[in-house]
Amino acid sequence: MAELIETSCPRLLKCGDRELDLSRPHVMGVLNVTPDSFSDGGRYFSGNKPDLTKLLNRAEEMAAEGASIIDIGGESTRPGAAPVSIQQELDRVVTVIEAVAARLPTIISVDTSTAQVMLEAKSAGAGLINDVRALTRSGAMQAAIGTGLPVCLMHMKGEPDSMQRKPEYDNVVAEVLAYLQARIDCCQAAGLSQEKIIIDPGFGFGKTLQHNLQLLNNLDEFNRLRFPVLVGMSRKSMIGQLLDNQAGERLYGSLALAVLAVAKGAHIVRCHDVAATWDVLRVAAAVARETKI
């Protein structure tokens with residue numbers, strides 16, 4: 001197994017008043033405050049409103065299971081998802097972030113592309129911004145820089161409502177790398193410091209099964225950009241296409257992809273099944289270092 005982190009990447013990622021030690025892999029647990037996310041949409045809703053008690057209970061479970069980061073999002077970005085208003089997104093996530101931040105020492109990530117949500121999430125206690133649109137939405141760049149938080153820049157071809165309509169690439173690895181490098185350059189030129197950047201190739205976001213497999217098989221190429229790498233493949237359709245199963249039946253496939261990703265240099269694995277994922281990452285990291293993690 002290759003080294004899990006490039007020496008040029010920061011060893012400590014400062015996330016507000018908390019830190020993430022990037023010398024070992026980490027689990028980012030998914031907490032969707034949405035009624036329509038592909039895997040757990042609606043699970044934490046009562047009627048048409050988020051159920052704060054259920055959300056807090058799940059956040060506590062994930063922290064106890066080994067999540068270093070809890071990723072809270074109020075806008076579904078599944079294939080075919082419709083956009084939500086800024087107020088809807090704020091109503092869904094801000095109170096939840098405040099409650100989780102007050103209850104747990106775990107780093108909170110806000111899964112958003114919206115400037116106002118970034119700013120209010122920071123005030124509520126978020127320590128990281130996870131943006132599937134890589135700070136391209138109006139006002140997002142300056143808002144993200146203004147928070148002082150690290151940002152994950154993800155590649156997505158198109159928008160969620162259309163991204164899976166026959167996506168095409170001449171060379172998916174080269175094109176995704178070029179896109180991320182361009183976004184890194186743009187963000188740094190605007191004032192986002194190097195130590196605050198994370199990258200994500202965007203598995204399932206405007207990619208076919210073949211594209212996803214090619215990206216994973218060449219994930220070590222992304223370490224050449226010299227930034228921490230985050231991946232999210234948990235329960236995604238690529239597993240369903242390989243195993244012919246539904247989202248709730250994809251645990252074992254998700255675990256296999258998580259281990260392969262870490263072996264190829266991923267630093268953070270975004271997932272739904274925290275306990276199982278943390279177990280396999282600890283074993284993978286222990287083998288790489290020949291010592292218990």
# chains A, B, ... in the order shown; residues from 1 in each chain; ligands from 1
>>> select_by_dssp(residues="segment 50-235 of chain A", states="strand (DSSP E)", output="number ranges by chain")
A: 50, 69-73, 107-111, 128-131, 151-154, 197-200, 230-232
>>> residues_around(residues="segment 210-216 of chain A", least_positions_apart="4", cutoff="10 Å", atoms="only C-alpha atoms", output="list in words")
Pro167, Glu168, Tyr169, Asn171, Val172, Val173, Ala174, Val176, Leu177, Pro201, Gly202, Phe203, Gly204, Phe205, Gly206, Asp220, Glu221, Phe222, Val231, Met233, Met238, Leu257, Leu260, Ala261, Lys264 and Ala266 of chain A
>>> write_last_selection(atoms="C-alpha atoms", output="mmCIF file, in the first residue's frame")
data_model
loop_
_atom_site.group_PDB
_atom_site.id
_atom_site.type_symbol
_atom_site.label_atom_id
_atom_site.label_comp_id
_atom_site.auth_asym_id
_atom_site.auth_seq_id
_atom_site.Cartn_x
_atom_site.Cartn_y
_atom_site.Cartn_z
ATOM 1 C CA PRO A 167 -21.490 12.521 -19.698
ATOM 2 C CA GLU A 168 -18.536 12.320 -22.090
ATOM 3 C CA TYR A 169 -14.779 12.832 -21.715
ATOM 4 C CA ASN A 171 -9.726 11.405 -20.935
ATOM 5 C CA VAL A 172 -11.642 11.593 -17.669
ATOM 6 C CA VAL A 173 -8.581 11.521 -15.391
ATOM 7 C CA ALA A 174 -6.749 14.255 -17.277
ATOM 8 C CA VAL A 176 -10.828 16.167 -13.926
ATOM 9 C CA LEU A 177 -7.242 16.908 -12.879
ATOM 10 C CA PRO A 201 -12.676 14.084 -8.040
ATOM 11 C CA GLY A 202 -16.446 13.843 -7.711
ATOM 12 C CA PHE A 203 -17.317 10.179 -8.129
ATOM 13 C CA GLY A 204 -20.805 9.880 -9.629
ATOM 14 C CA PHE A 205 -21.096 13.558 -10.454
ATOM 15 C CA GLY A 206 -21.325 13.588 -14.237
ATOM 16 C CA ASP A 220 -2.942 8.390 -6.913
ATOM 17 C CA GLU A 221 -2.539 10.867 -9.792
ATOM 18 C CA PHE A 222 -4.500 13.400 -7.732
ATOM 19 C CA VAL A 231 -13.650 10.791 -1.875
ATOM 20 C CA MET A 233 -18.484 6.644 -3.154
ATOM 21 C CA MET A 238 -21.557 2.683 -9.414
ATOM 22 C CA LEU A 257 -14.068 1.162 -2.525
ATOM 23 C CA LEU A 260 -9.020 0.960 -2.458
ATOM 24 C CA ALA A 261 -9.301 4.754 -2.248
ATOM 25 C CA LYS A 264 -4.489 5.061 -3.709
ATOM 26 C CA ALA A 266 -7.265 9.360 -0.250
#
>>> residues_around(residues="Ile199 of chain A", least_positions_apart="3", cutoff="10 Å", atoms="only C-alpha atoms", output="ChimeraX atom specification")
/A:130-131,134,151-155,177,180-181,183-184,202,222-223,225-231,266
>>> select_by_dssp(residues="segment 235-264 of chain A", states="alpha helix (DSSP H)", output="list in words")
Ser237, Met238, Ile239, Gly240, Gln241, Leu242, Leu243, Leu251, Tyr252, Gly253, Ser254, Leu255, Ala256, Leu257, Ala258, Val259, Leu260, Ala261, Val262 and Ala263 of chain A
>>> residues_around(residues="Arg270 of chain A", least_positions_apart="4", cutoff="9 Å", atoms="only C-alpha atoms", output="PDB file with N, CA and C atoms, in the first residue's frame")
ATOM      1  N   HIS A  26      -9.299   9.551   7.537  1.00  0.00           N
ATOM      2  CA  HIS A  26     -10.438   9.968   8.351  1.00  0.00           C
ATOM      3  C   HIS A  26     -11.755   9.624   7.672  1.00  0.00           C
ATOM      4  N   VAL A  27     -12.768   9.446   8.504  1.00  0.00           N
ATOM      5  CA  VAL A  27     -14.122   9.206   8.032  1.00  0.00           C
ATOM      6  C   VAL A  27     -14.945  10.475   8.191  1.00  0.00           C
ATOM      7  N   MET A  28     -15.634  10.849   7.126  1.00  0.00           N
ATOM      8  CA  MET A  28     -16.607  11.932   7.151  1.00  0.00           C
ATOM      9  C   MET A  28     -17.996  11.300   7.082  1.00  0.00           C
ATOM     10  N   GLY A  29     -18.758  11.437   8.145  1.00  0.00           N
ATOM     11  CA  GLY A  29     -20.095  10.858   8.185  1.00  0.00           C
ATOM     12  C   GLY A  29     -21.131  11.780   7.561  1.00  0.00           C
ATOM     13  N   VAL A  30     -22.038  11.204   6.786  1.00  0.00           N
ATOM     14  CA  VAL A  30     -23.060  11.959   6.070  1.00  0.00           C
ATOM     15  C   VAL A  30     -24.291  12.152   6.955  1.00  0.00           C
ATOM     16  N   ILE A  69     -15.360  13.866  11.079  1.00  0.00           N
ATOM     17  CA  ILE A  69     -16.107  14.986  10.493  1.00  0.00           C
ATOM     18  C   ILE A  69     -17.546  14.540  10.297  1.00  0.00           C
ATOM     19  N   ASP A  71     -20.724  15.711   8.034  1.00  0.00           N
ATOM     20  CA  ASP A  71     -21.039  16.547   6.874  1.00  0.00           C
ATOM     21  C   ASP A  71     -22.540  16.785   6.825  1.00  0.00           C
ATOM     22  N   LEU A 230     -10.297  14.019  -0.812  1.00  0.00           N
ATOM     23  CA  LEU A 230     -11.525  13.496  -0.228  1.00  0.00           C
ATOM     24  C   LEU A 230     -12.263  12.705  -1.302  1.00  0.00           C
ATOM     25  N   VAL A 231     -12.852  11.570  -0.934  1.00  0.00           N
ATOM     26  CA  VAL A 231     -13.650  10.791  -1.875  1.00  0.00           C
ATOM     27  C   VAL A 231     -14.996  10.451  -1.264  1.00  0.00           C
ATOM     28  N   GLY A 232     -16.009  10.352  -2.129  1.00  0.00           N
ATOM     29  CA  GLY A 232     -17.340   9.952  -1.696  1.00  0.00           C
ATOM     30  C   GLY A 232     -17.933   8.954  -2.669  1.00  0.00           C
ATOM     31  N   MET A 233     -17.914   7.689  -2.293  1.00  0.00           N
ATOM     32  CA  MET A 233     -18.484   6.644  -3.154  1.00  0.00           C
ATOM     33  C   MET A 233     -19.511   5.799  -2.426  1.00  0.00           C
ATOM     34  N   SER A 234     -19.760   6.100  -1.172  1.00  0.00           N
ATOM     35  CA  SER A 234     -20.631   5.296  -0.326  1.00  0.00           C
ATOM     36  C   SER A 234     -22.029   5.130  -0.925  1.00  0.00           C
ATOM     37  N   ALA A 258     -13.743   2.092  -0.299  1.00  0.00           N
ATOM     38  CA  ALA A 258     -13.062   2.922   0.701  1.00  0.00           C
ATOM     39  C   ALA A 258     -11.615   2.475   0.892  1.00  0.00           C
ATOM     40  N   VAL A 274     -20.546   4.622   9.128  1.00  0.00           N
ATOM     41  CA  VAL A 274     -19.313   5.105   9.755  1.00  0.00           C
ATOM     42  C   VAL A 274     -18.550   4.000  10.467  1.00  0.00           C
TER      43      VAL A 274
END
>>> residues_around(residues="Asn57 of chain A", least_positions_apart="6", cutoff="12 Å", atoms="only C-alpha atoms", output="ChimeraX atom specification")
/A:31,44,51,63-64,96,99-100,103-104
